[in-house]
Amino acid sequence: MTARQPERPNAERSPRKVDPFLEVRETHRGKRPGDRRVKIVRPFEDEFERGEGGEHLVASERTFLGRTGWRATLRGIRTFLIGRPISSRHEHTERLTKLKALAIFSSDNISSSAYGPEEIMRVIAFASIGALSLTLPLAGLIVLMLLIVTASYRQTIRAYPNGASSYIVASDNLGDRLGVLAASALLIGYVVTVAVSISAGVAALTSIMPALIPIKVELTIALVALLMIGNLRGIRESGSIFMAPTYLYLGVMLSIIAYGLFRVVAGDLPAYVAPAEWHAQFAETGTALTLFVILRAFSQGAVALTGVEAISDGVPAFKPPEWRNARTTLTWATSIFAVLFLGISFLVVQVGIIPDPTEDQTVLSLLVRHLVGDSPILILAQVSTALLLALAANTSFADFPRLSSFLARDGFMPRQFAFRGERLAFTTGIVALSAMAVFLLFLFQASVSGLIPLYTLGVFLAFTLSQAGMFVRWWSRRESGWRRGMVINGLGASTTAIVAVVVGVSNFTEGAWVVVILVPLLMALLMSIRRHYQNLQRSIAVARIPEGAEVAAAPTVVVPVARLDAPARQAIAFANSISDDAVAVHITNDPEDAAELRGRWPDWAGKTRLVVVESPYRALVGPLLSYLDALDRQDPDRPVLVVLSEVVPRHWWENLLHNQTTLRLKVRLFFRRNTIVADIPYHLPPDGGDTSGAPPSK
């Protein structure tokens, strides 16, 4: 936004062609004939920098940090919690190394080794304690499946180096509907991941501190809040925070497994003797050991595969070359998990561990206590396990917001989910994930066994759609290595489809039915949001301002413009009707988008002046208010009229699908001195028709 500069006393304008809205040149005459001096005034230099080529302004931190009063206090609290804002220019510094990415994206997969064997054992134990030896072959089958899925996703990451989410792969090869189906399944899976991981972490902690059992739900909610704040600080910083627990767990557990294997080989490890009441309790509630029970035990343990998708979702977060680093990290994660999962499964079977039917103690804690006794190593093992399990939820905090941003970019979710906050994190997605996870923890009282049936079905459905999409891609494009790719991804799709059916059937009455209902409902919701945005776009699309819409008129008028559409056209036409010097202001964090808008502007808006303000910290209100402050300093007695365009949806609930930018501006501008706000509502036609050819409203 810009305004006509007032004439200054004892000064005259330089005849040189300069932009008076960005720079004013004043010529002052001296007392003697021929004496003069030229003074260059840049009214915006305090809060703005000049962009490349000097054609636009770049907002600095001061435009939204330099506030006073209670706003400054709130800003200080926010900065303390999530850190100082990061400029878009420094985005490359937020990329992840393989070591950090392993901690962020693979903690869910690796941490599954702590409770995966237990979930297998619990199902078998209620049928036959003597059949617990089946734990090891089932664990081996799960690891074999993991190797197949890993090989498939290595292909997918290579084919989609800018993001290999199941949603992207399925949409690209199978169509939007199946892509949204994959996304719906993943979104539900990520929410359940947070609840399961944190519940398992608290369970590991209460195994050595039983006094905490009555407040385990409160502990899980506190951990969700901690993870939310950590991730709002940005993905790189959250990686630095969460690296230590991951590698501590790896070091401790690998050491304990090695010690246990040594004692097994040496033959000095005594058998585990479970309390008699545990045997009695399993006998009272026991069922027959059938194929169905074995399949259900397998499906419970297959939860360990859920973290594989995370790395393919997060490919853009890696340092270059992104796809190569992502594939390497995926291979590391698979290898580490296989060693931990098989090692723990072998030891619990060899020792003869029986799961605690009350769930007060985990199988892993029973194993470690049997190996090392009530020593400090037991406490270290349980604390490291609890930390990793709780922080394994960070995988979802990294991927749910990113997947949501993909969906918002394509119009399937509210646009707020595509917004990157001050720390370059997808703020809305992080907060939404936290709220839904807290709801699940309340609903299931932080029970791992109660949450697991909700967990696996959606993830394996996404696996299947992703691999099927890759199979279709190889067949249709016949790219280099397509035959080998079809074999790998075809095997992956077949395997995960079989597991999805097994999981759905065996766990249907245990809670999988909830996922069967929720996935179609969420899919229908996402598709309806897409239709709304498509209807909106058709209604407001426009080519340019008609010549007859420009009317000469009066004061300093500023029109914030987000994009070239019908609401903006209507606001500019109104501004031109009351002033012959109205200025349109476009605040953006995308220089390429701004350059495109500048190129289209003369044909689209005629003689209306445009000022572009680059906002590398992605703030809108702060740079706009600072711009108005600069105008006030030029002429304190002259009011500024801000013309705001606002789309009015047909239904009140559709307002939730928009980011309420105009409302935020109105609230801030209403309390600003010397400012007039003109709100120009743009009402969508009742039939959703195209109004691009209609004349602007007066």
# chains A, B, ... in the order shown; residues from 1 in each chain; ligands from 1
$ residues_around --residues "Ala462 in chain A" --least-positions-apart "4" --cutoff "7 Å" --atoms "only C-alpha atoms" --output "ChimeraX atom specification"
/A:166,182,185-186,458,466
$ select_by_dssp --residues "range 422-535 of chain A" --states "alpha helix (DSSP H)" --output "JSON, numbers by chain"
{"A": [427, 428, 429, 430, 431, 432, 433, 434, 435, 436, 437, 438, 439, 440, 441, 442, 443, 444, 448, 449, 450, 451, 456, 457, 458, 459, 460, 461, 462, 463, 464, 465, 466, 467, 468, 469, 470, 471, 472, 473, 474, 475, 476, 477, 482, 483, 484, 485, 486, 487, 488, 489, 490, 491, 492, 493, 494, 495, 496, 497, 498, 499, 500, 501, 502, 503, 504, 505, 506, 513, 514, 515, 516, 517, 518, 519, 520, 521, 522, 523, 524, 525, 526, 527, 528, 529, 530, 531, 532, 533, 534, 535]}
$ closest_atom_pairs --of "range 399-454 of chain A" --to "range 98-115 of chain A" --cutoff "12 Å" --atoms "only C-alpha atoms" --output "CSV"
residue,atom,partner,partner_atom,distance
A:Asp399,CA,A:Phe105,CA,8.1
A:Phe400,CA,A:Phe105,CA,11.5
A:Val448,CA,A:Tyr115,CA,9.1
A:Ser449,CA,A:Tyr115,CA,10.0
A:Ile452,CA,A:Tyr115,CA,10.5
$ closest_residue --among "A:Ser199, A:Thr509, A:Ser375, A:Thr588" --to "Ala390 in chain A" --atoms "only C-alpha atoms"
A:Ser199
$ residues_around --residues "range 246-259 of chain A" --least-positions-apart "5" --cutoff "7 Å" --atoms "only C-alpha atoms" --output "list in words"
Ala103, Ser107, Gly343, Ile344, Ala381, Ser384, Thr385 and Leu388 of chain A
$ write_last_selection --atoms "N, CA, C and O atoms" --output "compact mmCIF listing (two decimals), in the first residue's frame"
# COMPACT_ATOMS: atom_id res chain seq x y z
N ALA A 103 15.95 -39.88 14.26
CA ALA A 103 15.30 -39.65 15.55
C ALA A 103 13.88 -39.14 15.39
O ALA A 103 12.99 -39.50 16.17
N SER A 107 11.47 -42.83 15.05
CA SER A 107 11.29 -43.16 16.46
C SER A 107 10.04 -44.00 16.68
O SER A 107 10.00 -44.88 17.55
N GLY A 343 15.47 -59.61 18.69
CA GLY A 343 16.23 -59.87 19.91
C GLY A 343 15.34 -59.95 21.13
O GLY A 343 15.47 -60.88 21.96
N ILE A 344 14.42 -59.00 21.28
CA ILE A 344 13.51 -59.00 22.44
C ILE A 344 12.58 -60.21 22.37
O ILE A 344 12.34 -60.88 23.39
N ALA A 381 16.96 -48.43 31.77
CA ALA A 381 16.27 -49.04 30.64
C ALA A 381 14.83 -48.57 30.56
O ALA A 381 14.32 -48.24 29.48
N SER A 384 14.67 -44.77 29.62
CA SER A 384 14.97 -44.55 28.21
C SER A 384 13.84 -45.06 27.32
O SER A 384 13.50 -44.44 26.31
N THR A 385 13.23 -46.20 27.71
CA THR A 385 12.10 -46.73 26.96
C THR A 385 10.91 -45.79 27.04
O THR A 385 10.23 -45.51 26.03
N LEU A 388 11.57 -42.72 24.87
CA LEU A 388 11.47 -42.97 23.44
C LEU A 388 10.03 -43.23 23.02
O LEU A 388 9.56 -42.71 22.00
